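Quick notes on the structure that follows.
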Amino acid sequence: MVDVLVAPDREAEVGTLVEEHEEQPGFVRRYIFSTDHKIIGIQYILTGLFMAVVGTLLAVLIRLQLGWPEQQWPLLGRVLPGGFTDGVMGPEFYLALVTMHGTIMVFFFVSYVLVSGFGNYLIPLQVGARDMAYPFLNMLSYWVAFLSAGVMLASFFVTGGAAAAGWTSYPPLSAVPTAVPGSGWGQTLWILSMALFIASFTMSSLNFVATIFCLRARGMAMMRMSLTVWSFFISAILGLLAFPPLTAAAVMLLFDRHFGTSFFLPSGLVVANEVLPHQGGSPLLWQHLFWFLGHPEVYVLILPALGIACDILPVFTRKPVFGYRIQVYNLVAVGVLSMVVWGHHMFVSGMSPFSGEYFTLVTLLITIPMTIFGVNMIASLWGGRLLLATPMLFTLGVIAFFGTGGFGGLFLGNATADMQLHDTYFVVGHFHFMIGGVTLLATFAGIYFWFPKMFGRSMSEAWGKVHFWLTFIPFFIVFFMQHFLGLQGMPRRYYAFTSYEFLQTTMGQNVVISIAALVLMGAQLVFLANFFSSLARGRRAEANPWRATTLEWAAESPPPHGNFGRTLPVVHRWPYEYSVEGLEADYTPQTVSPREAPVTA
Amino acid sequence: MREGRIPSKVPVEAFFAGGLFLLTGILGVAYGARTWFPPLASRHGAGIDAMLLYLLVAVGALFLCGHVALGLLIWRGARQPQVTHRLATAKTEWALSAALGLLMALVAEGGVLAIGIPVWSEYFGAAPPRDALLIEVTAQQFAWNVRYPGEDGVFGRTETRLIDDVSNPIGIDPDDPAGVDDVTLINQIAVPVNRPVTVRLRSKDVIHSFFLPHLRVKQDAVPGMTPEMVFVPTRAGTFEIACAELCGLAHYRMQGVLHVLSEDEFRAWLQEHGSR
């Protein structure tokens with residue numbers, strides 16, 4: 001296979017490439033070890049959805065324990081004998097649950113489905129390319145990601161169970177095997193899996209950047225790219241800059257655990273009444289390295305969610321997104337700022353309080369571009385003719401969650417308030433709205449929206465709407481209430497709160513949250529049923545069922561190998577040409593020439 | 001879809017969808033508008049509470065406005081037969097952005113920095129007062145080892161190799177005369193009311209976090225570091241100490257008690273525990 005790194009104007013040569021492809025490869029090369037970006041995108045989405053099911057089941061167990069602490073669950077005890085003694089969940093199992101739930105949802109669900117899945121599927125289609133810049137690297141990235149997910153899942157089955165030091169894995173807890181039961185092979189596999197994940201994500205990010213830079217169709221200027229592509233572009237750059245430090249940190253942690261180094265371990269440690277030989281390391285170093293990745297990582301996840309939301313809005317308001325150019329600048333500004341704010345996770349870590357002041361200042365600066373971004377999304381509704389289809393409902397949910405989550409950021413981003421709120425449920429509520437809620441709703445919006453393109457069939461609208469209502473309301477209840485648990489001082493990662501006098505009043509709230517959470521998680525069955533039954537029996541979709549303007553809708557549904565037939569599309573206008581005055585149709589695809597319809601931007 | 005083909009159920013859907021966001025805003029604020037914090041018991045905590053209160057009010061207002069706007073725009077937009085372009089010009093776009101930028105600069109940067117940073121810098125920056133009571137707290141899985149320097153005001157030397165979890169949990173050197181009068185306790189701290197207290201934090205094994213919810217105090221105890229913090233308890237009573245950084249199996253039970261006593265009660269308490 002030749003890498004198709006072709007300049008945008010050499011479409012004739014790319015055209016011949018397709019003909020080479022037309023000799024159909026066998027099943028394995030087409031659907032399993034495929035280099036086609038669409039197959040790889042769908043592979044990522046399916047893998048991510050599977051991991052989401054696992055992560056959700058872990059959350060069910062977490063909520064059972066928090067709502068009804070130390071209750072006997074005889075059936076669960078029989079299914080999971082390792083985690084339950086006499087039907088009561090053990091604290092070591094609880095810690096493994098929260099650690100793995102966080103890790104799986106952040107890295108193996110949202111990253112896979114939203115970033116790698118949609119990114120791979122949409123970027124070549126939306127910029128008018130036949131495939132990614134490096135198709136083989138793309139395939140490699142998926143299979144490394146697959147391996148990484150497998151290693152993470154395998155860690156449930158080793159002695160001592162899965163990692164239990166939290167998804168942030170702060171040493172010494174994560175570095176000293178005797179410190180916590182899951183810190184045996186579970187933690188080692190966690191580190192290995194993360195290293196594989198980062199390797200895979202780096203390959204994928206490289207591909208995103210190269211494709212967007214080099215493979216845009218003729219006429220596709222940067223300022224004619226959809227906000228989806230822009231957001232993937234910024235997020236891929238952030239990934240490339242921020243992920244390598246964690247690879248380094250993971251290797252160092254591995255060495256501390258197994259080869260006697262002391263990167264993160266200071267002298268004088270006494271664990272389980274035994275003096276450890278380490279000396280000279282610093283536990284804070286890990287926190288800096290982790291959050292140097294960790295904070296940009298949340299933007300890596302949330303920017304594509306916002307980009308997708310901005311692209312779905314105009315389709316269902318039949319007017320351009322409000323302030324396209326400003327939105328692009330906002331994405332860039334947020335990307336730059338996200339690299340310099342990691343310390344706001346460490347206000348009470350013992351880091352210099354002067355750094356605390358700096359990190360407060362820059363963190364609060366982020367609120368400015370993010371607020372403008374959010375309000376521009378609301379303003380996009382102004383004067384529009386709203387069609388409340390399922391993707392639109394989820395997108396409206398994205399806007400609301402983004403606002404709610406963002407406001408929580410004002411509390412946590414400033415050191416003074418964070419002194420009280422750090423590591424409480426306020427944090428849990430906040431990040432579930434942002435990297436949980438915004439990304440989840442955007443993922444659903446994206447799936448309902450692009451499903452016809454991906455599979456040539458439509459998902460059920462009626463069930464989609466049921467899914468929306470049963471997702472939005474319980475999700476909001478669960479995580480909104482958790483903010484107030486935090487204000488009451490409830491610390492996170494507690495197996496039970498029963499022994500604390502000052503938390504007695506939170507018992508009832510936890511029961512309500514657990515019930516809402518169970519409704520939320522149960523409702524996802526509606527989605528899964530809709531997804532798989534539509535896959536088999538959904539109504540056949542035309543090429544452009546939503547009457548949208550971007551390039552992917554110019555291809556067939558589903559697009560053939562090579563995406564665009566004999567010749568690549570030529571782009572004449574920006575992606576939001578809706579309801580241009582004086583025209584009969586209320587949308588003008590990007591490929592329509594200026595002779596047929598005036599170009600507004 | 002031309003005008004005539006807009007399905008008749010649109011008003012119903014618009015009503016529900018618009019209502020959803022409207023209600024989210026109103027009910028959210030109604031739920032949040034009450035006293036949530038554990039009752040305050042420290043001097044600097046008043047500043048933190050003021051910061052939190054400012055945020056709750058400012059954010060509550062923005063939250064309400066945002067959701068009401070979203071709800072109304074949905075309700076209006078879904079019944080609108082035609083797209084209107086009036087607002088979407090480059091001028092209005094930049095004007096709105098500038099206005100929002102200014103608003104957030106005022107609310108977020110201005111308000112937070114004006115109220116928050118003085119509290120933060122006083123808490124960390126001010127030198128500990130001369131009359132402050134010095135206490136050392138050494139965290140371990142899963143207990144707080146508390147030590148008072150005794151009459152001489154000097155802590156005895158500690159050595160890692162002398163540590164034994166049962167007989168000498170923080171490894172006090174018996175040969176150091178300064179250590180003879182040190183008072184050690186587990187999970188119990190007593191302090192006099194209205195007098196500054198300096199807590200020197202250490203950890204033997206993993207990272208813990210010393211959290212006094214009623215006193216608005218939270219500081220990680222990191223092995224290899226000895227951060228100090230100063231606070232002034234303003235109310236007599238018994239307050240819980242919790243661990244706020246995941247430290248292992250019994251993290252959730254790493255519980256201690258802070259007794260805030262009158263000067264006399266405190267002296268008696270220290271004598272009683274010192275004589276043991």
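As shown in the structure tokens, the chain order sets the letters A, B, ...; within each chain, residues go from 1, and ligands are also counted from 1 in the order they appear.
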Worksheet item: Could you list, as JSON, numbers by chain, every residue of chain A that has an atom within 6 Å of an atom of chain B, counting only C-alpha atoms?
Response: {"A": [91, 92, 172, 173, 180, 266, 268, 269, 270, 271, 273, 323, 348, 349, 364, 368, 372, 383, 384, 385, 386, 416, 417, 419, 420, 487, 488, 489, 491, 494, 495]}
Item to complete: Return as a PyMOL selection string the full set of residues in stretch 127-237 of chain B whose backbone-based DSSP assignment is strand (DSSP E or B).
Response: chain B and resi 133-140+143-148+158+164+168+172+183-186+188-192+197-203+208-212+217-221+228-231+233+237
Discussion item. As a VMD selection string, please: the residues near B:Ala132 (cut-off 7 Å, only C-alpha atoms, same-chain neighbours under 4 positions excluded).
Written reply: chain B and resid 128 195 to 198
Response to the item:
One residue among B:Gly156, B:Pro192, B:Pro11, B:Gly171 is nearest to B:Gly237 when using only C-alpha atoms, and that residue is B:Pro192
Practice prompt. Could you find all residues in stretch 21-258 of chain B that DSSP calls alpha helix (DSSP H) from the backbone, and write them as a VMD selection string?
Written response: chain B and resid 21 to 32 45 to 77 90 to 104 112 to 125
Selected residues written out with C-alpha atoms, as a short mmCIF file (atom, residue, chain, number, x, y, z; two decimals), in the first residue's frame:
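Wrote it out as result.cif, contents follow:
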```
data_model
loop_
_atom_site.label_atom_id
_atom_site.label_comp_id
_atom_site.auth_asym_id
_atom_site.auth_seq_id
_atom_site.Cartn_x
_atom_site.Cartn_y
_atom_site.Cartn_z
CA PHE B 21 -34.12 23.55 29.94
CA LEU B 22 -36.20 26.27 31.55
CA LEU B 23 -37.06 23.98 34.45
CA THR B 24 -33.49 22.76 34.71
CA GLY B 25 -32.41 26.35 35.31
CA ILE B 26 -35.17 27.19 37.79
CA LEU B 27 -35.11 23.94 39.76
CA GLY B 28 -31.32 23.90 39.80
CA VAL B 29 -31.18 27.30 41.43
CA ALA B 30 -34.01 26.41 43.82
CA TYR B 31 -32.16 23.27 44.90
CA GLY B 32 -28.85 25.07 45.33
CA GLY B 45 -12.64 29.99 56.85
CA ALA B 46 -14.84 33.10 56.76
CA GLY B 47 -12.83 34.24 53.73
CA ILE B 48 -13.24 30.88 52.01
CA ASP B 49 -16.96 30.90 52.72
CA ALA B 50 -17.23 34.41 51.32
CA MET B 51 -15.49 33.18 48.16
CA LEU B 52 -17.84 30.22 47.88
CA LEU B 53 -20.89 32.36 48.55
CA TYR B 54 -19.86 34.87 45.89
CA LEU B 55 -19.43 32.04 43.40
CA LEU B 56 -22.74 30.43 44.31
CA VAL B 57 -24.63 33.69 43.80
CA ALA B 58 -22.78 34.75 40.63
CA VAL B 59 -22.85 31.32 39.08
CA GLY B 60 -26.46 30.77 40.15
CA ALA B 61 -27.45 33.90 38.27
CA LEU B 62 -25.49 32.93 35.15
CA PHE B 63 -26.84 29.38 35.32
CA LEU B 64 -30.40 30.66 35.52
CA CYS B 65 -29.95 33.19 32.69
CA GLY B 66 -28.27 30.65 30.43
CA HIS B 67 -30.95 28.00 30.87
CA VAL B 68 -33.82 30.47 30.55
CA ALA B 69 -32.29 31.81 27.32
CA LEU B 70 -31.81 28.28 26.02
CA GLY B 71 -35.38 27.30 26.90
CA LEU B 72 -36.95 30.38 25.37
CA LEU B 73 -34.90 30.18 22.18
CA ILE B 74 -35.95 26.56 21.72
CA TRP B 75 -39.60 27.38 22.36
CA ARG B 76 -39.46 30.27 19.89
CA GLY B 77 -37.24 28.64 17.28
CA ALA B 90 -19.83 39.96 11.89
CA LYS B 91 -20.42 43.11 13.91
CA THR B 92 -22.90 41.56 16.33
CA GLU B 93 -20.73 38.47 16.61
CA TRP B 94 -17.69 40.42 17.69
CA ALA B 95 -19.75 42.71 19.89
CA LEU B 96 -21.29 39.78 21.76
CA SER B 97 -17.90 38.15 22.17
CA ALA B 98 -16.36 41.33 23.51
CA ALA B 99 -19.25 41.84 25.93
CA LEU B 100 -18.99 38.27 27.17
CA GLY B 101 -15.23 38.50 27.46
CA LEU B 102 -15.65 41.60 29.59
CA LEU B 103 -18.39 40.02 31.70
CA MET B 104 -16.35 36.92 32.44
CA VAL B 112 -12.52 35.61 42.18
CA LEU B 113 -9.16 37.30 42.32
CA ALA B 114 -10.42 40.24 44.39
CA ILE B 115 -12.08 38.04 46.98
CA GLY B 116 -10.00 34.90 46.72
CA ILE B 117 -6.37 35.83 46.35
CA PRO B 118 -6.15 37.92 49.57
CA VAL B 119 -7.57 34.97 51.52
CA TRP B 120 -5.12 32.59 49.89
CA SER B 121 -2.06 34.78 50.33
CA GLU B 122 -2.89 35.55 53.94
CA TYR B 123 -3.42 31.89 54.71
CA PHE B 124 -0.13 30.86 53.17
CA GLY B 125 1.92 34.02 53.11
#
```
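Atom CA of B:Glu136 is positioned 14.4 Å from atom CA of B:Leu270.
For A:Asn207, the list of residues within 9 Å, based on only C-alpha atoms and with local chain neighbours fewer than 3 positions off taken out, reads Asn120, Met132, Ala133, Tyr134, Pro135, Leu137, Asn138, Thr202, Met203, Ser204, Ala210, Thr211, Ile212 and Ala236 of chain A.
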Go ahead and dump the residues you just picked, all heavy atoms, as a compact mmCIF listing (two decimals), in the first residue's frame.
```txt
# COMPACT_ATOMS: atom_id res chain seq x y z
N ASN A 120 -11.34 9.47 13.08
CA ASN A 120 -10.95 8.67 11.93
C ASN A 120 -12.03 8.64 10.87
O ASN A 120 -11.76 8.71 9.68
CB ASN A 120 -10.66 7.24 12.36
CG ASN A 120 -9.21 7.06 12.72
OD1 ASN A 120 -8.35 7.40 11.93
ND2 ASN A 120 -8.94 6.55 13.89
N MET A 132 -6.84 8.44 5.38
CA MET A 132 -5.89 9.15 6.22
C MET A 132 -4.55 9.26 5.50
O MET A 132 -4.28 8.52 4.56
CB MET A 132 -5.69 8.37 7.53
CG MET A 132 -6.80 8.59 8.51
SD MET A 132 -6.74 10.29 9.08
CE MET A 132 -7.89 10.22 10.41
N ALA A 133 -3.69 10.15 6.01
CA ALA A 133 -2.39 10.33 5.38
C ALA A 133 -1.56 9.05 5.47
O ALA A 133 -0.85 8.70 4.52
CB ALA A 133 -1.65 11.48 6.06
N TYR A 134 -1.65 8.34 6.58
CA TYR A 134 -0.88 7.11 6.75
C TYR A 134 -1.81 5.96 7.12
O TYR A 134 -1.99 5.66 8.30
CB TYR A 134 0.18 7.28 7.86
CG TYR A 134 1.02 8.51 7.72
CD1 TYR A 134 0.87 9.57 8.58
CD2 TYR A 134 1.98 8.61 6.70
CE1 TYR A 134 1.64 10.71 8.46
CE2 TYR A 134 2.75 9.74 6.57
CZ TYR A 134 2.59 10.80 7.45
OH TYR A 134 3.34 11.91 7.32
N PRO A 135 -2.40 5.31 6.13
CA PRO A 135 -3.40 4.28 6.44
C PRO A 135 -2.84 3.12 7.27
O PRO A 135 -3.52 2.63 8.16
CB PRO A 135 -3.85 3.80 5.06
CG PRO A 135 -3.45 4.87 4.13
CD PRO A 135 -2.24 5.53 4.70
N LEU A 137 -0.33 3.16 9.42
CA LEU A 137 -0.14 3.65 10.79
C LEU A 137 -1.48 3.70 11.52
O LEU A 137 -1.58 3.40 12.71
CB LEU A 137 0.48 5.05 10.74
CG LEU A 137 1.05 5.59 12.04
CD1 LEU A 137 2.27 4.80 12.45
CD2 LEU A 137 1.40 7.06 11.90
N ASN A 138 -2.50 4.03 10.76
CA ASN A 138 -3.84 4.11 11.32
C ASN A 138 -4.30 2.75 11.80
O ASN A 138 -4.80 2.60 12.91
CB ASN A 138 -4.77 4.64 10.22
CG ASN A 138 -5.97 5.34 10.80
OD1 ASN A 138 -6.00 5.65 11.99
ND2 ASN A 138 -6.97 5.57 9.98
N THR A 202 -0.83 8.57 20.04
CA THR A 202 0.13 9.43 19.37
C THR A 202 0.13 9.16 17.87
O THR A 202 0.12 10.09 17.06
CB THR A 202 1.54 9.20 19.96
OG1 THR A 202 1.45 9.32 21.37
CG2 THR A 202 2.53 10.19 19.42
N MET A 203 0.09 7.88 17.50
CA MET A 203 0.03 7.54 16.06
C MET A 203 -1.20 8.17 15.44
O MET A 203 -1.16 8.74 14.35
CB MET A 203 -0.05 6.03 15.90
CG MET A 203 1.22 5.30 16.25
SD MET A 203 1.04 3.55 15.81
CE MET A 203 1.08 2.77 17.40
N SER A 204 -2.30 8.02 16.14
CA SER A 204 -3.55 8.51 15.62
C SER A 204 -3.55 10.03 15.50
O SER A 204 -3.99 10.60 14.49
CB SER A 204 -4.60 7.98 16.58
OG SER A 204 -5.82 8.41 16.37
N ALA A 210 -1.47 15.28 10.06
CA ALA A 210 -0.95 15.17 8.69
C ALA A 210 -2.08 15.21 7.67
O ALA A 210 -1.98 15.87 6.62
CB ALA A 210 -0.15 13.89 8.54
N THR A 211 -3.17 14.52 7.97
CA THR A 211 -4.28 14.49 7.02
C THR A 211 -4.88 15.88 6.84
O THR A 211 -5.15 16.31 5.71
CB THR A 211 -5.37 13.51 7.52
OG1 THR A 211 -4.77 12.26 7.80
CG2 THR A 211 -6.46 13.35 6.48
N ILE A 212 -5.08 16.57 7.95
CA ILE A 212 -5.71 17.89 7.84
C ILE A 212 -4.78 18.87 7.15
O ILE A 212 -5.21 19.70 6.36
CB ILE A 212 -6.13 18.38 9.25
CG1 ILE A 212 -7.25 17.49 9.79
CG2 ILE A 212 -6.59 19.83 9.20
CD1 ILE A 212 -7.57 17.71 11.24
N ALA A 236 -5.74 17.04 18.37
CA ALA A 236 -4.62 16.16 18.00
C ALA A 236 -3.28 16.83 18.32
O ALA A 236 -2.35 16.17 18.78
CB ALA A 236 -4.69 15.83 16.51
```
Worksheet item: For the atom pair atom CA of A:Leu485 and atom CA of A:Tyr500, what is the interatomic distance in Å to one decimal place?
Response: 13.6 Å
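For the choices A:Pro474, A:Pro171, A:Gly281, A:Gly48, the atom-to-atom distance to A:Gly117 is smallest for A:Gly48 when using only C-alpha atoms.
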Discussion item. Using only C-alpha atoms, which protein or nucleic acid residues come within 9 Å of B:Ile189? Drop anything in the same chain fewer than 6 positions from it, and give the result as a list of chain:residue names.
Written reply: B:Ile135, B:Val146, B:Arg147, B:Gly256, B:Val257, B:Leu258, B:His259, B:Val260
Worksheet item: Any idea what's packed within 10 Å of stretch 454-468 of chain A, counting only C-alpha atoms, ignoring anything in its chain fewer than 4 positions away? Could you give it as a ChimeraX atom specification?
Response: /A:38-39,41-42,121-122,388-391,393-394,397,441,444-445,447-450,472-473,520,523-543,545,556-559
Item to complete: For atom CA of A:Ile234 and atom CA of A:Ala333, quote the distance in Å rounded to one decimal.
Response: 9.9 Å
